[in-house]
Amino acid sequence: MKYLVASDIHGSAYWCEKFLEKFEASEAERIILLGDILYHGPRNDLPKEYNPKKVIEMLNRYKDRIYAVRGNCESEVDQMVLEFPVMSDYAILDTGTYNIFLTHGHKYNEDNLPPIINGDAIMHGHTHILRAEKCTKNRLTFFCLNPGSISIPKGGNPESYAVLDGNMFTVLDFDENILVEITVSN
């Protein structure tokens, strides 16, 4: 199955629309949202075209195709307006050959690992810094995947999103330049 992955939209109607255009053109079957969908947060500047109501409207059109997890900026009010579940701290995506622990990253991350086994992956946002690499900690080998942020990138990164297609995780900018990619397999 092919997924388009985004994190940290932070209410940017501009970048949400660009991401959904990429989704439509990609032939992906599902969208994965890794939290911080509507609110920009008190530590961030307002993103381009900050308009959470428009983001709500755009994303609700895809409600049957979205898997989402809660970010540190989500609240119960967000769940009242979004027509797809957003309040779970994590989800587990079984690809058939490995599991991906989907989370925002403020609770579970490479420093505070969730219950994963060798060969699994943890996919999160939160840092706004893209990443795709094989990691080792406490004799556990796993994959660290982060699509970056589509609206407020950090660390000198451009706005980015990811494609998960089978075992290939690719982070792209909005000009479709490949920023980083990795084959996720044992």
# chains A, B, ... in the order shown; residues from 1 in each chain; ligands from 1
call {"tool": "closest_atom_pairs", "arguments": {"of": "segment 96-181 of chain A", "to": "segment 39-43 of chain A", "cutoff": "12 Å", "atoms": "only C-alpha atoms", "output": "CSV"}}
result
residue,atom,partner,partner_atom,distance
A:His126,CA,A:Gly41,CA,11.4
A:Ser149,CA,A:His40,CA,11.8
A:Ser151,CA,A:His40,CA,9.5
A:Ile152,CA,A:His40,CA,9.0
call {"tool": "residues_around", "arguments": {"residues": "Ala68 of chain A", "least_positions_apart": "6", "cutoff": "8 Å", "atoms": "only C-alpha atoms", "output": "ChimeraX atom specification"}}
result
/A:32-35,84-86,88
call {"tool": "closest_atom_pairs", "arguments": {"of": "segment 4-61 of chain A", "to": "segment 170-175 of chain A", "cutoff": "9 Å", "atoms": "only C-alpha atoms", "output": "Markdown table"}}
result
| residue | atom | partner | partner_atom | distance |
| --- | --- | --- | --- | --- |
| A:Val5 | CA | A:Val171 | CA | 8.9 |
| A:Lys18 | CA | A:Phe174 | CA | 7.7 |
| A:Phe19 | CA | A:Phe174 | CA | 8.1 |
| A:Lys22 | CA | A:Phe174 | CA | 8.2 |
call {"tool": "residues_around", "arguments": {"residues": "Asn51 of chain A", "least_positions_apart": "2", "cutoff": "8 Å", "atoms": "only C-alpha atoms", "output": "MDAnalysis selection string"}}
result
chainID A and resid 11:13 49 53:55
call {"tool": "residues_around", "arguments": {"residues": "Ile31 of chain A", "least_positions_apart": "6", "cutoff": "7 Å", "atoms": "only C-alpha atoms", "output": "PyMOL selection string"}}
result
chain A and resi 3-5+65-67
call {"tool": "atom_distance", "arguments": {"atom1": "atom CA of Thr136 of chain A", "atom2": "atom CA of Gly156 of chain A"}}
result
25.2 Å
call {"tool": "atom_distance", "arguments": {"atom1": "atom CA of Val163 of chain A", "atom2": "atom CA of Asp45 of chain A"}}
result
26.8 Å
call {"tool": "select_by_dssp", "arguments": {"residues": "chain A", "states": "strand (DSSP E)", "output": "MDAnalysis selection string"}}
result
chainID A and resid 2:6 30:33 66:68 90:94 99:103 121:123 131:137 140:146 160:165 168:173 178:183
call {"tool": "atom_distance", "arguments": {"atom1": "atom CA of Trp15 of chain A", "atom2": "atom CA of Ile178 of chain A"}}
result
17.9 Å
call {"tool": "residues_around", "arguments": {"residues": "segment 94-103 of chain A", "least_positions_apart": "3", "cutoff": "6 Å", "atoms": "only C-alpha atoms", "output": "list in words"}}
result
Val69, Tyr90, Ala91, Asp120, Ala121, Ile122, Met123 and His124 of chain A
call {"tool": "write_last_selection", "arguments": {"atoms": "N, CA, C and O atoms", "output": "short mmCIF file (atom, residue, chain, number, x, y, z; two decimals), in the first residue's frame"}}
result
data_model
loop_
_atom_site.label_atom_id
_atom_site.label_comp_id
_atom_site.auth_asym_id
_atom_site.auth_seq_id
_atom_site.Cartn_x
_atom_site.Cartn_y
_atom_site.Cartn_z
N VAL A 69 -2.57 10.65 14.28
CA VAL A 69 -2.26 10.55 15.70
C VAL A 69 -2.23 11.96 16.29
O VAL A 69 -2.09 12.94 15.57
N TYR A 90 -0.78 7.09 19.57
CA TYR A 90 -0.02 6.29 18.62
C TYR A 90 -0.95 5.38 17.84
O TYR A 90 -2.11 5.15 18.21
N ALA A 91 -0.43 4.84 16.77
CA ALA A 91 -1.10 3.80 15.99
C ALA A 91 0.01 2.87 15.51
O ALA A 91 1.17 3.27 15.40
N ASP A 120 11.58 -3.14 13.25
CA ASP A 120 10.42 -2.26 13.20
C ASP A 120 10.87 -0.82 12.93
O ASP A 120 12.06 -0.53 12.87
N ALA A 121 9.91 0.06 12.79
CA ALA A 121 10.21 1.47 12.56
C ALA A 121 9.38 2.33 13.50
O ALA A 121 8.28 1.94 13.91
N ILE A 122 9.91 3.48 13.84
CA ILE A 122 9.15 4.50 14.55
C ILE A 122 9.08 5.70 13.60
O ILE A 122 10.10 6.15 13.08
N MET A 123 7.86 6.16 13.34
CA MET A 123 7.65 7.30 12.45
C MET A 123 6.99 8.41 13.26
O MET A 123 5.94 8.20 13.86
N HIS A 124 7.63 9.56 13.27
CA HIS A 124 7.07 10.68 14.02
C HIS A 124 7.45 12.01 13.40
O HIS A 124 8.34 12.08 12.54
#
